[in-house]
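For reference, the structure is listed below as structure tokens.
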Amino acid sequence: MKVIIGLVILLAIGAVTWFSSQPEQVSHSMQNEDLPVISRQDILDASDLLDGVKQALAQDDEDMIDEWLSKAVDVAKSAKLPKHDISYLQSDMAKDYVIFHAKRSLFNDAVEQAYYALTSIDDIKTQYPEAQDLFANADKLIAERNNILEQIASELANGEQLTDNHRETARQQWIQRFNAQADMPNG
């Protein structure tokens with residue numbers, strides 16, 4: 001009988017302990033719900049914001065940049081970010097940040113176009129000094145492209161002396177292949 005009473009007491013203590021810990025878990029989960037689901041950095045790095053600022057830069061439209069940053073602030077307010085995060089998003093530092101990254105992305109886009117169009121990237125590098133740390137990789141990419149073109153021209157020469165005509169034919173084939181891929185629905 002003493003064993004049964006001991007078990008009942010242990011079960012009662014366990015139940016009281018379990019039930020008393022429940023409000024703490026509920027309040028803890030409620031505290032997690034108060035945390036923002038998005039951060040200031042998430043907003044600054046959002047692809048929509050980047051694309052919008054890129055478009056604004058391409059159109060040289062300062063007001064459009066401000067509109068996109070205003071949308072970023074609206075997102076921050078909706079997400080109930082702290083006031084210091086909202087203030088940062090309204091600052092010149094945030095504007096400089098998104099413009100800097102948009103210009104780097106524009107540089108990458110321009111290099112990609114130059115790669116396929118078989119053009120130089122020297123003017124692109126001048127236009128986007130923000131991407132200076134990317135220049136070496138871009139130069140390497142263009143050099144590799146030029147080597148591929150030489151290989152294509154060599155194949156066209158079929159063991160004969162390589163001529164400018166072979167190189168021009170290789171360039172035309174390259175451009176045709178790029179245009180054909182660009183015209184594809186998923187290209």
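Identifiers in the structure tokens: chain A, B, ... in order shown; residue index from 1 per chain; ligand index from 1 in order shown.
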Exercise for the section: Please identify all polymer residues within 10 Å of segment 65-78 of chain A, counting only C-alpha atoms, omitting same-chain residues fewer than 4 positions from it, and present them as JSON, numbers by chain. Expected result: {"A": [36, 38, 39, 40, 42, 43, 44, 46, 48, 49, 50, 51, 52, 53, 54, 55, 56, 57, 60, 61, 82, 83, 85, 86, 87, 88, 89, 90, 91, 94, 95, 98, 99]}
Hey, can you spit out that residue selection with C-alpha atoms as a compact mmCIF listing (two decimals), in the first residue's frame?
# COMPACT_ATOMS: atom_id res chain seq x y z
CA PRO A 36 10.59 39.88 -36.75
CA ILE A 38 12.78 39.32 -41.64
CA SER A 39 15.89 41.27 -40.83
CA ARG A 40 17.18 44.61 -42.04
CA ASP A 42 17.25 40.52 -45.63
CA ILE A 43 15.44 43.63 -46.84
CA LEU A 44 18.63 45.26 -48.13
CA ALA A 46 16.15 41.33 -51.41
CA ASP A 48 13.19 42.82 -55.76
CA LEU A 49 14.95 45.79 -54.22
CA LEU A 50 18.16 45.04 -56.11
CA ASP A 51 16.31 44.68 -59.42
CA GLY A 52 14.33 47.86 -58.83
CA VAL A 53 17.44 49.89 -58.01
CA LYS A 54 19.24 48.39 -61.01
CA GLN A 55 16.39 49.52 -63.24
CA ALA A 56 16.44 52.97 -61.65
CA LEU A 57 20.18 53.25 -62.21
CA ASP A 60 19.24 57.35 -64.26
CA ASP A 61 16.13 57.91 -62.12
CA PRO A 82 13.12 47.98 -34.37
CA LYS A 83 13.22 51.74 -34.91
CA ASP A 85 16.67 49.30 -38.29
CA ILE A 86 13.97 51.45 -39.87
CA SER A 87 16.10 54.56 -39.35
CA TYR A 88 19.03 52.81 -41.01
CA LEU A 89 16.89 51.87 -44.01
CA GLN A 90 15.98 55.55 -44.32
CA SER A 91 19.63 56.64 -44.17
CA ALA A 94 21.45 52.22 -46.78
CA LYS A 95 20.95 54.04 -50.07
CA VAL A 98 21.89 49.23 -52.30
CA ILE A 99 23.31 51.42 -55.08
Exercise for the section: Extract the full set of helix (DSSP H, G or I) residues from segment 51-102 of chain A according to DSSP on the backbone, and format it as a PyMOL selection string. Expected result: chain A and resi 51-58+62-78+83-89+92-102
Output C-alpha atoms for every residue in that selection, as a JSON list (two decimals), in the first residue's frame.
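This went into selection01.json:
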[["chain", "number", "residue", "atom", "x", "y", "z"],
["A", 51, "ASP", "CA", 16.31, 44.68, -59.42],
["A", 52, "GLY", "CA", 14.33, 47.86, -58.83],
["A", 53, "VAL", "CA", 17.44, 49.89, -58.01],
["A", 54, "LYS", "CA", 19.24, 48.39, -61.01],
["A", 55, "GLN", "CA", 16.39, 49.52, -63.24],
["A", 56, "ALA", "CA", 16.44, 52.97, -61.65],
["A", 57, "LEU", "CA", 20.18, 53.25, -62.21],
["A", 58, "ALA", "CA", 19.83, 52.13, -65.82],
["A", 62, "GLU", "CA", 17.02, 59.04, -58.59],
["A", 63, "ASP", "CA", 13.35, 59.31, -57.61],
["A", 64, "MET", "CA", 12.80, 55.65, -58.49],
["A", 65, "ILE", "CA", 15.67, 54.67, -56.18],
["A", 66, "ASP", "CA", 14.00, 56.62, -53.39],
["A", 67, "GLU", "CA", 10.69, 54.90, -54.13],
["A", 68, "TRP", "CA", 12.31, 51.49, -53.83],
["A", 69, "LEU", "CA", 13.95, 52.45, -50.56],
["A", 70, "SER", "CA", 10.58, 53.72, -49.33],
["A", 71, "LYS", "CA", 9.12, 50.30, -50.15],
["A", 72, "ALA", "CA", 11.95, 48.72, -48.15],
["A", 73, "VAL", "CA", 11.03, 50.93, -45.18],
["A", 74, "ASP", "CA", 7.38, 49.91, -45.56],
["A", 75, "VAL", "CA", 8.40, 46.25, -45.42],
["A", 76, "ALA", "CA", 10.47, 46.93, -42.32],
["A", 77, "LYS", "CA", 7.54, 48.67, -40.63],
["A", 78, "SER", "CA", 5.17, 45.83, -41.58],
["A", 83, "LYS", "CA", 13.22, 51.74, -34.91],
["A", 84, "HIS", "CA", 17.01, 51.73, -35.35],
["A", 85, "ASP", "CA", 16.67, 49.30, -38.29],
["A", 86, "ILE", "CA", 13.97, 51.45, -39.87],
["A", 87, "SER", "CA", 16.10, 54.56, -39.35],
["A", 88, "TYR", "CA", 19.03, 52.81, -41.01],
["A", 89, "LEU", "CA", 16.89, 51.87, -44.01],
["A", 92, "ASP", "CA", 22.07, 57.62, -46.89],
["A", 93, "MET", "CA", 24.21, 54.66, -45.81],
["A", 94, "ALA", "CA", 21.45, 52.22, -46.78],
["A", 95, "LYS", "CA", 20.95, 54.04, -50.07],
["A", 96, "ASP", "CA", 24.69, 53.88, -50.78],
["A", 97, "TYR", "CA", 24.67, 50.18, -49.89],
["A", 98, "VAL", "CA", 21.89, 49.23, -52.30],
["A", 99, "ILE", "CA", 23.31, 51.42, -55.08],
["A", 100, "PHE", "CA", 26.76, 49.87, -54.60],
["A", 101, "HIS", "CA", 25.39, 46.33, -54.85],
["A", 102, "ALA", "CA", 23.10, 47.21, -57.75]]
Practice task
Write out as a count of residues only which residues come within 9 Å of Ile142 of chain A when counting only C-alpha atoms, dropping same-chain ones fewer than 4 positions away.
Solution key: 11
Problem - Contact residues around segment 124-128 of chain A with only C-alpha atoms at 8 Å, ignoring same-chain residues under 4 positions, as a ChimeraX atom specification - result: /A:103-104,107,110-111,132,135
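Between atom CA of His166 of chain A and atom CA of Asp109 of chain A there is a distance of 29.0 Å.
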Practice task
Work out how far atom CA of Gln181 of chain A is from atom CA of Glu168 of chain A, in Å to one decimal.
Solution key: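 It comes out at 20.0 Å.
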